[in-house]
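Note: the block below is upload.pdb and it holds PDB, C-alpha atoms and all ligand atoms.
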MODEL        1
ATOM      1  CA  MET A 100      -1.973  -6.462  15.352  1.00  0.00           C
ATOM      2  CA  PRO A 101      -0.768  -8.948  12.750  1.00  0.00           C
ATOM      3  CA  TYR A 102       1.717  -7.881  10.117  1.00  0.00           C
ATOM      4  CA  CYS A 103       0.483  -8.397   6.581  1.00  0.00           C
ATOM      5  CA  LYS A 104       2.669  -8.428   3.479  1.00  0.00           C
ATOM      6  CA  GLY A 105      -0.281  -7.432   1.332  1.00  0.00           C
ATOM      7  CA  CYS A 106      -2.913  -8.928  -0.914  1.00  0.00           C
ATOM      8  CA  ARG A 107      -0.839  -9.868  -3.923  1.00  0.00           C
ATOM      9  CA  PRO A 108       1.869 -11.921  -2.144  1.00  0.00           C
ATOM     10  CA  ARG A 109      -0.902 -13.878  -0.426  1.00  0.00           C
ATOM     11  CA  ASP A 110      -2.701 -14.364  -3.742  1.00  0.00           C
ATOM     12  CA  LYS A 111      -5.751 -12.438  -2.507  1.00  0.00           C
ATOM     13  CA  LYS A 112      -7.865  -9.920  -4.370  1.00  0.00           C
ATOM     14  CA  CYS A 113      -7.283  -6.251  -3.618  1.00  0.00           C
ATOM     15  CA  ALA A 114      -8.770  -5.605  -0.177  1.00  0.00           C
ATOM     16  CA  PHE A 115      -9.631  -2.029  -1.082  1.00  0.00           C
ATOM     17  CA  LEU A 116     -11.562  -2.531  -4.263  1.00  0.00           C
ATOM     18  CA  LYS A 117     -12.706  -6.123  -4.515  1.00  0.00           C
ATOM     19  CA  LYS A 118     -16.200  -5.328  -3.262  1.00  0.00           C
ATOM     20  CA  ARG A 119     -16.507  -2.504  -5.765  1.00  0.00           C
ATOM     21  CA  CYS A 120     -14.889  -3.892  -8.887  1.00  0.00           C
ATOM     22  CA  ASP A 121     -15.973  -6.983 -10.811  1.00  0.00           C
ATOM     23  CA  LEU A 122     -12.999  -6.725 -13.144  1.00  0.00           C
ATOM     24  CA  LEU A 123     -10.526  -7.138 -10.291  1.00  0.00           C
ATOM     25  CA  LEU A 124     -12.635  -9.711  -8.513  1.00  0.00           C
ATOM     26  CA  SER A 125     -12.969 -11.930 -11.577  1.00  0.00           C
ATOM     27  CA  GLY A 126      -9.322 -11.532 -12.537  1.00  0.00           C
ATOM     28  CA  ARG A 127     -10.075  -9.831 -15.861  1.00  0.00           C
ATOM     29  CA  VAL A 128      -7.624  -7.123 -14.862  1.00  0.00           C
ATOM     30  CA  GLN A 129      -4.469  -7.668 -12.819  1.00  0.00           C
ATOM     31  CA  TYR A 130      -3.656  -4.003 -12.319  1.00  0.00           C
ATOM     32  CA  CYS A 131      -6.070  -1.096 -12.281  1.00  0.00           C
ATOM     33  CA  TYR A 132      -4.190   0.693 -15.065  1.00  0.00           C
ATOM     34  CA  GLU A 133      -5.409  -1.997 -17.479  1.00  0.00           C
ATOM     35  CA  CYS A 134      -8.917  -0.611 -17.099  1.00  0.00           C
ATOM     36  CA  ALA A 135     -10.427   1.990 -19.421  1.00  0.00           C
ATOM     37  CA  GLU A 136     -11.748   3.867 -16.388  1.00  0.00           C
ATOM     38  CA  PHE A 137      -8.409   4.136 -14.617  1.00  0.00           C
ATOM     39  CA  PRO A 138      -8.323   5.873 -12.231  1.00  0.00           C
ATOM     40  CA  CYS A 139     -11.971   5.214 -11.393  1.00  0.00           C
ATOM     41  CA  ARG A 140     -13.734   7.124  -8.622  1.00  0.00           C
ATOM     42  CA  TYR A 141     -13.250   4.320  -6.098  1.00  0.00           C
ATOM     43  CA  LEU A 142      -9.527   4.244  -6.693  1.00  0.00           C
ATOM     44  CA  GLN A 143      -9.361   8.042  -6.619  1.00  0.00           C
ATOM     45  CA  HIS A 144     -11.187   8.079  -3.321  1.00  0.00           C
ATOM     46  CA  ILE A 145      -8.766   5.732  -1.577  1.00  0.00           C
ATOM     47  CA  ASP A 146      -5.792   7.286  -3.345  1.00  0.00           C
ATOM     48  CA  LYS A 147      -6.690  10.680  -1.861  1.00  0.00           C
ATOM     49  CA  ARG A 148      -6.875   9.228   1.648  1.00  0.00           C
ATOM     50  CA  TYR A 149      -3.552   7.448   1.272  1.00  0.00           C
ATOM     51  CA  ARG A 150      -1.831  10.508  -0.153  1.00  0.00           C
ATOM     52  CA  GLU A 151      -3.076  12.655   2.715  1.00  0.00           C
ATOM     53  CA  ARG A 152      -2.509  10.243   5.570  1.00  0.00           C
ATOM     54  CA  TYR A 153      -0.118   7.496   4.572  1.00  0.00           C
ATOM     55  CA  ARG A 154       2.511   9.065   2.348  1.00  0.00           C
ATOM     56  CA  MET A 155       1.765   7.005  -0.717  1.00  0.00           C
ATOM     57  CA  SER A 156      -0.371   7.081  -3.837  1.00  0.00           C
ATOM     58  CA  MET A 157      -1.891   4.037  -5.467  1.00  0.00           C
ATOM     59  CA  VAL A 158      -2.441   5.976  -8.687  1.00  0.00           C
ATOM     60  CA  GLU A 159       1.186   7.101  -8.852  1.00  0.00           C
ATOM     61  CA  ASN A 160       2.352   3.585  -7.994  1.00  0.00           C
ATOM     62  CA  LEU A 161       0.197   2.078 -10.731  1.00  0.00           C
ATOM     63  CA  LYS A 162       1.452   4.571 -13.309  1.00  0.00           C
ATOM     64  CA  TYR A 163       5.004   3.719 -12.320  1.00  0.00           C
ATOM     65  CA  ILE A 164       4.342  -0.008 -12.639  1.00  0.00           C
ATOM     66  CA  LYS A 165       2.748   0.513 -16.031  1.00  0.00           C
ATOM     67  CA  GLU A 166       5.784   2.438 -17.298  1.00  0.00           C
ATOM     68  CA  ASN A 167       8.599   0.545 -15.576  1.00  0.00           C
ATOM     69  CA  GLY A 168       7.302  -2.881 -14.610  1.00  0.00           C
ATOM     70  CA  ILE A 169       6.622  -4.491 -11.271  1.00  0.00           C
ATOM     71  CA  GLU A 170      10.189  -5.637 -10.548  1.00  0.00           C
ATOM     72  CA  GLY A 171      11.680  -2.170 -10.436  1.00  0.00           C
ATOM     73  CA  PHE A 172       8.725  -0.881  -8.494  1.00  0.00           C
ATOM     74  CA  LEU A 173       9.133  -3.517  -5.779  1.00  0.00           C
ATOM     75  CA  LYS A 174      12.835  -2.836  -5.530  1.00  0.00           C
ATOM     76  CA  ASN A 175      12.197   0.872  -4.940  1.00  0.00           C
ATOM     77  CA  GLU A 176       9.447   0.158  -2.442  1.00  0.00           C
ATOM     78  CA  GLU A 177      11.670  -2.190  -0.458  1.00  0.00           C
ATOM     79  CA  GLU A 178      14.135   0.639  -0.167  1.00  0.00           C
ATOM     80  CA  LYS A 179      11.512   3.238   0.688  1.00  0.00           C
ATOM     81  CA  TRP A 180       9.846   1.221   3.444  1.00  0.00           C
ATOM     82  CA  ARG A 181      12.902  -0.408   4.986  1.00  0.00           C
ATOM     83  CA  CYS A 182      13.395   0.199   8.714  1.00  0.00           C
ATOM     84  CA  PRO A 183      16.697   2.029   9.272  1.00  0.00           C
ATOM     85  CA  GLU A 184      17.132   0.224  12.591  1.00  0.00           C
ATOM     86  CA  CYS A 185      16.625  -3.414  11.676  1.00  0.00           C
ATOM     87  CA  GLY A 186      15.900  -3.646   7.947  1.00  0.00           C
ATOM     88  CA  ALA A 187      12.385  -5.069   8.281  1.00  0.00           C
ATOM     89  CA  ALA A 188       9.380  -3.407   6.647  1.00  0.00           C
ATOM     90  CA  ILE A 189       7.864  -0.198   7.966  1.00  0.00           C
ATOM     91  CA  CYS A 190       4.075   0.108   7.987  1.00  0.00           C
ATOM     92  CA  CYS A 191       2.733   2.827   5.667  1.00  0.00           C
ATOM     93  CA  HIS A 192      -0.160   3.472   8.073  1.00  0.00           C
ATOM     94  CA  ASN A 193       1.999   4.774  10.901  1.00  0.00           C
ATOM     95  CA  GLY A 194       5.679   4.637   9.928  1.00  0.00           C
ATOM     96  CA  ILE A 195       6.386   2.043  12.607  1.00  0.00           C
ATOM     97  CA  CYS A 196       8.444  -1.092  12.107  1.00  0.00           C
ATOM     98  CA  PHE A 197       6.546  -4.245  13.026  1.00  0.00           C
ATOM     99  CA  ASN A 198       9.785  -5.935  13.962  1.00  0.00           C
ATOM    100  CA  CYS A 199      11.534  -3.482  16.273  1.00  0.00           C
ATOM    101  CA  GLY A 200       8.867  -0.798  16.821  1.00  0.00           C
ATOM    102  CA  LEU A 201       6.267  -2.752  18.775  1.00  0.00           C
ATOM    103  CA  ASP A 202       6.729  -0.765  21.995  1.00  0.00           C
ATOM    104  CA  LYS A 203       6.206   2.439  20.039  1.00  0.00           C
ATOM    105  CA  LEU A 204       3.098   0.931  18.500  1.00  0.00           C
ATOM    106  CA  LYS A 205       1.628  -0.020  21.893  1.00  0.00           C
ATOM    107  CA  GLN A 206       2.014   3.551  23.142  1.00  0.00           C
ATOM    108  CA  LYS A 207       0.193   5.092  20.217  1.00  0.00           C
ATOM    109  CA  LYS A 208      -3.293   6.497  20.742  1.00  0.00           C
ATOM    110  CA  GLN A 209      -4.140   6.386  17.069  1.00  0.00           C
ATOM    111  CA  VAL A 210      -2.623   3.274  15.618  1.00  0.00           C
ATOM    112  CA  TYR A 211      -3.293   4.196  11.990  1.00  0.00           C
ATOM    113  CA  ARG A 212      -1.594   7.590  12.050  1.00  0.00           C
ATOM    114  CA  TRP A 213       1.914   8.816  11.496  1.00  0.00           C
ATOM    115  CA  GLU A 214       3.399  11.074  14.157  1.00  0.00           C
ATOM    116  CA  LYS A 215       3.411  14.712  13.099  1.00  0.00           C
ATOM    117  CA  ARG A 216       6.762  15.858  11.842  1.00  0.00           C
TER     118      ARG A 216
HETATM  119 ZN    ZN B   1      12.848  -2.234  12.643  1.00  0.00          ZN
ENDMDL
END
As structure tokens, what does this structure read like?
Amino acid sequence: MPYCKGCRPRDKKCAFLKKRCDLLLSGRVQYCYECAEFPCRYLQHIDKRYRERYRMSMVENLKYIKENGIEGFLKNEEEKWRCPECGAAICCHNGICFNCGLDKLKQKKQVYRWEKR
């Protein structure tokens, strides 16, 4: 499984919404909060799934970015998702570090799930 830093650092359109949103696709909005329909039903749908399964919320993140700017947001996120063992990034889909957690990842039955706490 390749490790991906995300859409924005690779200068790609949002993988979640690009098929559903012309505004994002055409670059007329950079962040969903710029849209009059924020949070639209597509964003709400994926936000619900990520809140339930992956310990994050796109809607909350976007509100934070709107209020505080992207720099501060990224700084907090780096902290939040930093592997305590090696300092690399932890995957939000399973809590596993792609640098030092590969053995753990191979043993998982459901790759895109966190272990129950
Ligand atoms: Zn690690």
A:Tyr132 surroundings by all atoms listed in the file, 12 Å radius, close-in-sequence under 5 positions cut, as a list of chain:residue names: A:Leu122, A:Leu123, A:Phe137, A:Pro138, A:Cys139, A:Leu142, A:Met157, A:Val158, A:Glu159, A:Asn160, A:Leu161, A:Lys162, A:Tyr163, A:Ile164, A:Lys165, A:Glu166
Explicit residues for the PyMOL selection byres (((chain A and resi 149) around 12) and not hetatm) (as a ChimeraX atom specification): /A:115,142-148,150-160,191-193,211-213
Residue members of the PyMOL selection byres (((chain A and resi 186) around 12) and not hetatm) in the file shown, as a ChimeraX atom specification: /A:177-185,187-189,196-200
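If you measure from each of A:Gln206, A:Cys190, A:Asp121, A:Phe172 to ligand ZN 1 (chain B) using all atoms listed in the file, the closest one turns out to be A:Cys190.
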Could you put an axis-aligned box around every listed atom of stretch 112-131 of chain A, padded by 6 Å on each side, and send me its centre and edge lengths in Å to one decimal, as AutoDock Vina command-line options?
--center_x -10.1 --center_y -6.5 --center_z -8.0 --size_x 24.9 --size_y 22.8 --size_z 27.7
Spatial neighbours of A:Lys117, max dist 12 Å, only C-alpha atoms, sep filter under 2 positions, as number ranges by chain: A: 106, 111-115, 119-126, 128-129, 131, 141-142
Go ahead and save the picked residues with C-alpha atoms, as a tab-separated table (two decimals), keeping the file's coordinate frame.
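Generated output (result.tsv):
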chain	number	residue	atom	x	y	z
A	106	CYS	CA	-2.91	-8.93	-0.91
A	111	LYS	CA	-5.75	-12.44	-2.51
A	112	LYS	CA	-7.86	-9.92	-4.37
A	113	CYS	CA	-7.28	-6.25	-3.62
A	114	ALA	CA	-8.77	-5.60	-0.18
A	115	PHE	CA	-9.63	-2.03	-1.08
A	119	ARG	CA	-16.51	-2.50	-5.76
A	120	CYS	CA	-14.89	-3.89	-8.89
A	121	ASP	CA	-15.97	-6.98	-10.81
A	122	LEU	CA	-13.00	-6.72	-13.14
A	123	LEU	CA	-10.53	-7.14	-10.29
A	124	LEU	CA	-12.64	-9.71	-8.51
A	125	SER	CA	-12.97	-11.93	-11.58
A	126	GLY	CA	-9.32	-11.53	-12.54
A	128	VAL	CA	-7.62	-7.12	-14.86
A	129	GLN	CA	-4.47	-7.67	-12.82
A	131	CYS	CA	-6.07	-1.10	-12.28
A	141	TYR	CA	-13.25	4.32	-6.10
A	142	LEU	CA	-9.53	4.24	-6.69
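Atom CA of A:Leu173 is found 19.4 Å from atom CA of A:Ile195.
With atom CA of A:Glu176 on one side and atom CA of A:Lys208 on the other, the separation reads 27.2 Å.
Atom pair atom CA of A:Cys103 / atom CA of A:Cys134 has a distance of 26.6 Å (rounded to one decimal).
Nearest residue to ligand ZN 1 (chain B) among A:Asp202, A:Glu214, A:Asp110, A:Glu136 is A:Asp202, counting only C-alpha atoms and all ligand atoms.
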Using only C-alpha atoms and all ligand atoms: which of A:Ala135, A:Leu116, A:Leu204, A:Val210 has the shortest distance to ligand ZN 1 (chain B):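 Looking only at the distances to ligand ZN 1 (chain B), the closest residue turns out to be A:Leu204.
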